[in-house]
Structures are given as structure tokens and as C-alpha cells.
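Novice: Below are the C-alpha cells for one structure; questions will follow.
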Amino acid sequence: MSQNVPAVKGAVAALGNVGLAATSMERLINAPSHLPRIGVFYGRAGLGKTSAACFLMNRYNAYRIECKSVWTRKTVFVEILKLMGIPPAATMPEMLDQVCAQLQLSRRPLIIDEMDHVVAKKSVEVIRDIYDGSQCALMLIGEENLPTALEKWERVHSRVLDWTPAQALDLYDAETLADFYCQRVTVEHDLLTHIHGQSGGSARRICTNLELVQEEALKLGLSSIDLTTWGNRPLYTGAAPVRDRRSK
Amino acid sequence: MSRKPVNKLRTDESRDAIWALIREVKGELTLRSIQQETHLGRDTVNTYLTGLVNAGYLKVTHANGGFTPTLYLLVRDIGVDAPRVRKDGTEVTQGQGRLQMWNTIRVLRDFSSRDLAFNASTDLCKVTESDAKHYVYYLHAAGYLVRTRISSPTAQARYRLVGLKWTGPKPPQIQRVRQVYDPNTKQVAWTEGVDAGGDE
């Protein structure tokens, strides 16, 4: 984890992936001017990439857009301008100028989340134009095959300073989540280990399971719950739809 | 004189208007010229200009002497967002938590107050769960959020942002008179006792 970003207990900042993303962002912001300032943060769904992006946005006052599959080049501009609170100009070249000027002056980083949606389209060129015109710290976030997909765009690929893969959550992360999400019930260590194992390192699944466990414990009137009490009640593993998960 | 509630101000009556004017002029300005353009009080403009000078955004190119007024010049432009400074030039941090929550609501697809507090906190500005609950209550009342799950004794209520209700980058404000003012649309989105602002 980064030394520059002190972890806050009971907040998203304490998670490993957030630390990785923050370290990468600091590297981009502090990069000397002759180096490129593009970072790529990638990994499979559910690892908490978007939570990390959210933290970066709040911590470094960054602009963050989330791409959608239907987006065109123009939508990229319009969405960024909306975020900036600037009324969009009529044409794309003018909008490019507006975006670049604001990024350059404010020196705020730009985060493109769900980059996968636009990586196969010409919108990548638009993002490159924005980068070239503003030299802003630019963080691209996407699924695990994003680095490969970007290879097609040599002019973007060659400008990447920092590739950061998101990691599966460890037990320490699971504890952080449990501390925050299960405040009314103590989840004993053996059960937490079980949840962590069943969740395959996915933040989303750990959260879902923790809430499931807490609800169940409250229904049973317990203030703490361990693996023996939980028994073999099903947990959400993402493997297949579980029916009637609350049956005893 | 007491400060006017934000919804009673005219839209050009704000620091944003002063900042926008300073950027637009691209040259030297006087207190009087700003006053004339923005219709703001002398003290209001003066306080903000002093803050901007102390923070290094503006430079005094000609100090007040004899018959010539003080001239100000923009030396550090940070874009469309007006710098938030106190008179001594230090940064205003009030409202940072609300800003982080407003940003975070847009990211989280479906959330409880606890999710919001967890995700909106940074090492520099921590958002507590009670802050989140308070803000969510008002945003829901004003129709920005829909409730996707009612709270139960064992679980918190969950909310979701109504897609089109993200009106802009500035967080809606809760006024003391229990109403929600949206600085993006410059309109009151909800007043307690008046039916929900869900459909305007």
C-alpha cells in the first residue's frame, strides 16, 4: 500500500485496491513533465475498481466519467462538459478546446471508468486528443483485457506510464469491510475466513455475504456469529443463482 | 445585515459571477467595475477580491492612491470553478463532505447510508454515517433519489439516483428552513410541507 496515502479505518481508503490505485494516481500527478501521464487500472469485475475510482475522484478532486456502450465520440465530450458544469459548444473541435482548457487550468485529473465500452471505437482517439491537448493526469479503468485491447491503439498504449492490476481482496480487506458493514453483529474470524474463501476475492460478494450474515444473525437475535452457528447455510458465491438462500 | 437565504439571491449575485467576470475580462479590473456588472454590494466584492489576492489568484497592479482606484489582474486561472477562499486567502473546506457525497451517489448504483459514508470518505475528509443519513433523507425527499428497499429492523434502506436528476457538479444544499436548493439549476427543489419535488 502507498506510504503517501494513510489508510482511514472504516473507510474505503483502507482497502488494498484503493491504495494501489492511489499510488498509481500520485505517480501520474507527480510525473516529471517529459514523461506521459496515463495510467491503466484493470482487473476482473467485482474487485472494487469503481470504488477505487470513486475514492480517487474525491481524494484528488478528479473528473470521472463512466463510459456506456452506446456512447459516441460526441457523447464523451458532452458528458465531460456536463461534469465540469460548462455548457457544451456546438461542434466537436470547440468542445475539445473547452475540455482541454478546463483540464489544463484546473489541473484536475481525469478518470475514464468502464473504458472497455469505448476501447473498440473511435472514442479512444477522442480521449487521446483530450490527453494531448491538456497533458492532464489520465487514469483509464477497465476489465482485465484492457491492456491487450489498448495495444491496438499504439499512440495511447505507448503513452501509458503505469499499469496497475487490481488484486483479489485479502483477509485484511474482508476485516475492513466487516468492521464497517457489520456494526451490530460481530462476525467471528472463522466465519469471516469462510466468507472470504467463498467470495473469491470479490469485494462485491464479500459485502453481499456480510450483509446476509448480519441479517441472519439479527433475525436469530445473536450479537455475534461464528462458522458453527452459520453452519452450511449458503453464501453468495456468484457460481450459480442460489434459490431460497434464507431457508434454514 | 443578515445574509439572505441562497434561494433569495439573484442568480448573478454570487462569487461565481465575480469569478466568471474576472475570467471574461482578461485585463485589469476595479472594484467598481465588478460591482456595476454583478450588482453586488461593495463589501461582498471587496471581501472576495481580498481573499483572491491573498490566495495568489489576483495581483494588485496599481494600489489605491489619490484619484486612481486599485487595479486587479488575474494571474492564476484555475478554470470555471470559482476559488473558495476566506478573506485571508486560506481555502474554504466547508461543504467538502457534501460534495464528496454528491459525487459518490453518482458512482454507486444502489446504496445505503452506510455504503455512502464508507465510499465517500477520504483520509482528508471523513463523511460520517449520520451525515450521509441526513443528506440522503433530504435528497430522497426532493426526488433526486428513489428508495429501492425500505428499511427493516435488520437492514438499512437502500437508494438509487434517478438518472436524469444529476443536475450538475454542485451538490444540492439543505437550507435551514428545511428546503433543498439546487445550485446547478438555481432553483428550490423541495420545501418541507409542499408536495415532493419529484416531477418538475
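The way I read the labels, and the way they are meant: chains A, B, ... in the order of the C-alpha cells, residue 1 as the first residue of every chain, and ligand 1 as the first ligand shown, with later ones counted on from there.
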Within 9 Å of chain A, which residues of chain B are there when counting only C-alpha atoms? Please give them as an mmCIF file with C-alpha atoms, in the first residue's frame.
Specialist:
```cif
data_model
loop_
_atom_site.group_PDB
_atom_site.id
_atom_site.type_symbol
_atom_site.label_atom_id
_atom_site.label_comp_id
_atom_site.auth_asym_id
_atom_site.auth_seq_id
_atom_site.Cartn_x
_atom_site.Cartn_y
_atom_site.Cartn_z
ATOM 1 C CA ARG B 76 -3.744 32.337 -11.683
ATOM 2 C CA ASP B 77 -6.718 30.979 -13.581
ATOM 3 C CA ILE B 78 -7.983 27.627 -12.323
ATOM 4 C CA GLY B 79 -10.874 27.228 -14.737
ATOM 5 C CA VAL B 80 -14.599 27.637 -14.384
ATOM 6 C CA ASP B 81 -14.906 26.812 -10.696
ATOM 7 C CA LEU B 99 -19.531 17.456 -2.429
ATOM 8 C CA GLN B 100 -17.958 14.042 -1.927
ATOM 9 C CA MET B 101 -21.347 12.506 -1.159
ATOM 10 C CA ASN B 103 -20.126 12.769 -6.416
ATOM 11 C CA THR B 104 -20.283 9.341 -4.825
ATOM 12 C CA VAL B 107 -20.971 6.329 -8.805
ATOM 13 C CA LEU B 108 -22.781 3.910 -6.519
ATOM 14 C CA ARG B 114 -23.633 3.288 5.343
ATOM 15 C CA ASP B 115 -22.369 2.491 1.819
ATOM 16 C CA ALA B 117 -20.404 7.134 4.158
ATOM 17 C CA PHE B 118 -17.917 4.308 3.521
ATOM 18 C CA ASN B 119 -17.299 5.210 -0.103
ATOM 19 C CA ALA B 120 -17.415 8.991 0.174
ATOM 20 C CA SER B 121 -14.784 9.230 2.924
ATOM 21 C CA THR B 122 -11.173 10.034 2.237
ATOM 22 C CA ASP B 123 -8.212 10.467 4.542
ATOM 23 C CA LEU B 124 -8.643 14.228 4.195
ATOM 24 C CA CYS B 125 -12.366 14.466 4.740
ATOM 25 C CA LYS B 126 -14.320 11.813 6.559
ATOM 26 C CA PRO B 153 -35.139 -3.850 11.755
ATOM 27 C CA THR B 154 -32.278 -5.890 10.311
ATOM 28 C CA ALA B 155 -31.214 -3.847 7.289
ATOM 29 C CA THR B 167 -28.303 18.258 -12.395
ATOM 30 C CA GLY B 168 -24.638 19.227 -12.328
ATOM 31 C CA PRO B 169 -21.403 19.212 -10.374
ATOM 32 C CA LYS B 170 -22.560 21.286 -7.407
ATOM 33 C CA ASN B 184 -26.973 23.870 -10.621
#
```
Novice: Within 7 Å of segment 17-21 of chain A, counting only C-alpha atoms, which residues qualify if same-chain residues fewer than 2 places away don't, as an mmCIF file with N, CA and C atoms, in the first residue's frame?
Specialist:
```
data_model
loop_
_atom_site.group_PDB
_atom_site.id
_atom_site.type_symbol
_atom_site.label_atom_id
_atom_site.label_comp_id
_atom_site.auth_asym_id
_atom_site.auth_seq_id
_atom_site.Cartn_x
_atom_site.Cartn_y
_atom_site.Cartn_z
ATOM 1 N N MET A 1 0.839 -1.197 0.000
ATOM 2 C CA MET A 1 0.000 0.000 0.000
ATOM 3 C C MET A 1 0.881 1.256 0.000
ATOM 4 N N SER A 2 0.318 2.297 -0.514
ATOM 5 C CA SER A 2 1.098 3.525 -0.630
ATOM 6 C C SER A 2 1.481 4.108 0.721
ATOM 7 N N ALA A 13 -10.743 3.884 1.904
ATOM 8 C CA ALA A 13 -9.316 4.113 1.731
ATOM 9 C C ALA A 13 -8.461 2.997 2.319
ATOM 10 N N LEU A 15 -8.858 -0.144 1.910
ATOM 11 C CA LEU A 15 -8.804 -1.339 1.071
ATOM 12 C C LEU A 15 -7.549 -1.350 0.197
ATOM 13 N N THR A 23 -1.722 5.064 -5.262
ATOM 14 C CA THR A 23 -0.287 5.137 -5.531
ATOM 15 C C THR A 23 -0.050 5.457 -6.997
ATOM 16 N N SER A 24 -0.816 4.774 -7.843
ATOM 17 C CA SER A 24 -0.681 4.987 -9.279
ATOM 18 C C SER A 24 -1.052 6.427 -9.643
ATOM 19 N N MET A 25 -2.127 6.919 -9.056
ATOM 20 C CA MET A 25 -2.566 8.285 -9.344
ATOM 21 C C MET A 25 -1.509 9.304 -8.911
ATOM 22 N N PHE A 41 -5.678 1.042 -14.816
ATOM 23 C CA PHE A 41 -6.002 0.239 -13.644
ATOM 24 C C PHE A 41 -7.020 -0.795 -14.114
ATOM 25 N N ALA A 52 -12.609 2.242 -6.035
ATOM 26 C CA ALA A 52 -11.301 2.890 -6.047
ATOM 27 C C ALA A 52 -11.365 4.181 -6.856
ATOM 28 N N ALA A 166 -5.615 -4.708 -10.589
ATOM 29 C CA ALA A 166 -6.325 -4.782 -9.312
ATOM 30 C C ALA A 166 -6.143 -6.185 -8.740
ATOM 31 N N GLN A 167 -6.009 -6.266 -7.437
ATOM 32 C CA GLN A 167 -5.759 -7.548 -6.783
ATOM 33 C C GLN A 167 -7.036 -8.109 -6.157
#
```
Novice: Please return, as a ChimeraX atom specification, all residues of segment 33-134 of chain B that DSSP assigns to helix (DSSP H, G or I) on the basis of the backbone.
Specialist: /B:33-38,42-54,96-107,113-120,129-134
Novice: Generate the output file for the selected residues, C-alpha atoms, as an mmCIF file, in the first residue's frame.
Specialist:
```cif
data_model
loop_
_atom_site.group_PDB
_atom_site.id
_atom_site.type_symbol
_atom_site.label_atom_id
_atom_site.label_comp_id
_atom_site.auth_asym_id
_atom_site.auth_seq_id
_atom_site.Cartn_x
_atom_site.Cartn_y
_atom_site.Cartn_z
ATOM 1 C CA SER B 33 -16.431 47.810 -12.452
ATOM 2 C CA ILE B 34 -17.171 44.438 -10.861
ATOM 3 C CA GLN B 35 -19.855 45.970 -8.681
ATOM 4 C CA GLN B 36 -21.531 47.508 -11.682
ATOM 5 C CA GLU B 37 -21.521 44.290 -13.694
ATOM 6 C CA THR B 38 -22.608 41.941 -10.929
ATOM 7 C CA ARG B 42 -19.176 46.778 -2.193
ATOM 8 C CA ASP B 43 -18.220 44.742 0.872
ATOM 9 C CA THR B 44 -19.129 41.451 -0.774
ATOM 10 C CA VAL B 45 -16.925 42.138 -3.766
ATOM 11 C CA ASN B 46 -14.144 43.604 -1.679
ATOM 12 C CA THR B 47 -14.013 40.620 0.685
ATOM 13 C CA TYR B 48 -13.779 38.188 -2.198
ATOM 14 C CA LEU B 49 -11.158 40.235 -4.073
ATOM 15 C CA THR B 50 -9.032 40.489 -0.934
ATOM 16 C CA GLY B 51 -9.297 36.723 -0.470
ATOM 17 C CA LEU B 52 -8.304 36.115 -4.093
ATOM 18 C CA VAL B 53 -5.314 38.444 -3.791
ATOM 19 C CA ASN B 54 -4.175 36.793 -0.551
ATOM 20 C CA GLN B 96 -16.421 19.221 1.127
ATOM 21 C CA GLY B 97 -18.254 16.253 2.672
ATOM 22 C CA ARG B 98 -21.455 17.119 0.828
ATOM 23 C CA LEU B 99 -19.531 17.456 -2.429
ATOM 24 C CA GLN B 100 -17.958 14.042 -1.927
ATOM 25 C CA MET B 101 -21.347 12.506 -1.159
ATOM 26 C CA TRP B 102 -22.945 14.093 -4.219
ATOM 27 C CA ASN B 103 -20.126 12.769 -6.416
ATOM 28 C CA THR B 104 -20.283 9.341 -4.825
ATOM 29 C CA ILE B 105 -24.047 9.000 -5.227
ATOM 30 C CA ARG B 106 -23.487 9.162 -8.945
ATOM 31 C CA VAL B 107 -20.971 6.329 -8.805
ATOM 32 C CA SER B 113 -26.414 5.484 4.030
ATOM 33 C CA ARG B 114 -23.633 3.288 5.343
ATOM 34 C CA ASP B 115 -22.369 2.491 1.819
ATOM 35 C CA LEU B 116 -22.388 6.168 1.058
ATOM 36 C CA ALA B 117 -20.404 7.134 4.158
ATOM 37 C CA PHE B 118 -17.917 4.308 3.521
ATOM 38 C CA ASN B 119 -17.299 5.210 -0.103
ATOM 39 C CA ALA B 120 -17.415 8.991 0.174
ATOM 40 C CA GLU B 129 -22.903 7.767 8.647
ATOM 41 C CA SER B 130 -25.145 10.351 10.277
ATOM 42 C CA ASP B 131 -24.039 12.999 7.737
ATOM 43 C CA ALA B 132 -24.907 10.534 4.995
ATOM 44 C CA LYS B 133 -28.290 9.695 6.519
ATOM 45 C CA HIS B 134 -29.188 13.352 6.839
#
```
Novice: I want to know what sits within 8 Å of segment 68-73 of chain A, based on only C-alpha atoms, with residues of the same chain fewer than 5 positions away left out; could you give that as a list in words?
Specialist: Glu114, His117, Val118, Lys122, Ser123 and Val126 of chain A
Novice: Rounded to one decimal, what separation in Å do you get between atom CA of Ser14 of chain B and atom CA of Val188 of chain B?
Specialist: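 Separating atom CA of Ser14 of chain B from atom CA of Val188 of chain B is a distance of 16.4 Å.
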Novice: Between atom CA of Pro171 of chain B and atom CA of Thr93 of chain B, measure the distance and give it in Å to one decimal.
Specialist: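 Between atom CA of Pro171 of chain B and atom CA of Thr93 of chain B the gap works out to 14.0 Å.
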Novice: Quick one: pull the distance between atom CA of Arg233 of chain A and atom CA of Glu188 of chain A, Å, one decimal.
Specialist: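 Interatomic distance, atom CA of Arg233 of chain A to atom CA of Glu188 of chain A: 15.7 Å.
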Novice: Write out as JSON, numbers by chain the set of residues from segment 31-175 of chain B that DSSP, computed on the backbone, places in strand (DSSP E).
Specialist: {"B": [58, 59, 60, 61, 62, 71, 72, 73, 74, 145, 146, 147, 148, 149, 158, 159, 160, 161, 173, 174, 175]}
Novice: List as an NGL selection string the protein and nucleic acid residues near segment 137-142 of chain A, meaning an atom at most 6 Å away when only C-alpha atoms are counted, but skip any in the same chain fewer than 5 places from it.
Specialist: :A and (28-29 or 37-42 or 109-116)
Novice: Could you save the residues just selected, with N, CA and C atoms, as a compact mmCIF listing (two decimals), in the first residue's frame?
Specialist:
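And here's selection_12.txt as it stands now:
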```txt
# COMPACT_ATOMS: atom_id res chain seq x y z
N LEU A 28 1.20 9.49 -11.40
CA LEU A 28 0.83 10.27 -12.59
C LEU A 28 0.90 11.77 -12.31
N ILE A 29 0.33 12.15 -11.16
CA ILE A 29 0.28 13.59 -10.84
C ILE A 29 1.69 14.16 -10.68
N ARG A 37 1.51 10.84 -18.77
CA ARG A 37 0.76 10.77 -17.52
C ARG A 37 -0.50 9.93 -17.65
N ILE A 38 -0.41 8.83 -18.39
CA ILE A 38 -1.58 7.96 -18.47
C ILE A 38 -1.35 6.73 -17.61
N GLY A 39 -2.35 6.37 -16.82
CA GLY A 39 -2.29 5.16 -16.01
C GLY A 39 -3.45 4.25 -16.38
N VAL A 40 -3.21 2.94 -16.27
CA VAL A 40 -4.29 1.99 -16.54
C VAL A 40 -4.46 1.11 -15.30
N PHE A 41 -5.68 1.04 -14.82
CA PHE A 41 -6.00 0.24 -13.64
C PHE A 41 -7.02 -0.80 -14.11
N TYR A 42 -6.65 -2.06 -14.07
CA TYR A 42 -7.51 -3.06 -14.69
C TYR A 42 -7.65 -4.29 -13.81
N PRO A 109 -7.19 15.80 -12.38
CA PRO A 109 -7.03 14.58 -13.18
C PRO A 109 -8.37 14.15 -13.80
N LEU A 110 -8.26 13.31 -14.82
CA LEU A 110 -9.46 12.77 -15.48
C LEU A 110 -9.44 11.25 -15.34
N ILE A 111 -10.56 10.69 -14.94
CA ILE A 111 -10.67 9.24 -14.80
C ILE A 111 -11.73 8.74 -15.78
N ILE A 112 -11.35 7.78 -16.62
CA ILE A 112 -12.33 7.20 -17.54
C ILE A 112 -12.62 5.78 -17.03
N ASP A 113 -13.79 5.61 -16.47
CA ASP A 113 -14.17 4.31 -15.92
C ASP A 113 -14.92 3.53 -17.01
N GLU A 114 -14.92 2.21 -16.88
CA GLU A 114 -15.58 1.34 -17.87
C GLU A 114 -15.05 1.63 -19.27
N MET A 115 -13.75 1.76 -19.36
CA MET A 115 -13.08 2.09 -20.61
C MET A 115 -13.36 1.04 -21.69
N ASP A 116 -13.64 -0.20 -21.24
CA ASP A 116 -13.90 -1.29 -22.19
C ASP A 116 -14.98 -0.95 -23.21
```
Novice: When you look at Val162 of chain B with a cut-off of 9 Å (counting only C-alpha atoms), what residues show up, excluding the ones that are within fewer than 5 positions of it in the same chain? I need them as a PyMOL selection string.
Specialist: chain B and resi 143-146
Novice: Residues at most 7 Å from segment 59-73 of chain B, counting only C-alpha atoms, excluding those fewer than 4 positions away in the same chain, as a CSV table (one decimal) with all heavy atoms, in the first residue's frame?
Specialist:
```
chain,number,residue,atom,x,y,z
B,27,GLY,N,-8.2,41.3,-18.3
B,27,GLY,CA,-7.4,42.5,-18.2
B,27,GLY,C,-7.6,43.0,-16.8
B,27,GLY,O,-8.1,42.3,-15.9
B,28,GLU,N,-7.2,44.3,-16.6
B,28,GLU,CA,-7.3,44.8,-15.2
B,28,GLU,C,-8.8,45.2,-14.9
B,28,GLU,O,-9.5,45.6,-15.8
B,28,GLU,CB,-6.4,46.0,-15.1
B,28,GLU,CG,-4.9,45.6,-15.1
B,28,GLU,CD,-4.0,46.7,-15.3
B,28,GLU,OE1,-4.3,47.7,-16.0
B,28,GLU,OE2,-2.9,46.7,-14.7
B,29,LEU,N,-9.1,45.1,-13.6
B,29,LEU,CA,-10.4,45.3,-13.1
B,29,LEU,C,-10.4,46.2,-11.9
B,29,LEU,O,-9.4,46.2,-11.2
B,29,LEU,CB,-11.1,44.0,-12.7
B,29,LEU,CG,-11.6,43.1,-13.8
B,29,LEU,CD1,-11.4,41.7,-13.3
B,29,LEU,CD2,-13.0,43.4,-14.1
B,30,THR,N,-11.4,46.9,-11.7
B,30,THR,CA,-11.6,47.7,-10.5
B,30,THR,C,-12.8,47.2,-9.7
B,30,THR,O,-13.6,46.5,-10.3
B,30,THR,CB,-11.8,49.2,-10.7
B,30,THR,OG1,-13.1,49.3,-11.4
B,30,THR,CG2,-10.7,49.8,-11.5
B,53,VAL,N,-6.7,37.9,-3.8
B,53,VAL,CA,-5.3,38.4,-3.8
B,53,VAL,C,-4.4,37.7,-2.8
B,53,VAL,O,-3.3,37.2,-3.1
B,53,VAL,CB,-5.3,40.0,-3.5
B,53,VAL,CG1,-3.9,40.5,-3.2
B,53,VAL,CG2,-6.0,40.7,-4.6
```
Novice: Here is a test: counting only C-alpha atoms, which residue of B:Ser151, B:Arg158, B:Tyr138, B:Lys87 is nearest to Thr191 of chain B?
Specialist: B:Tyr138
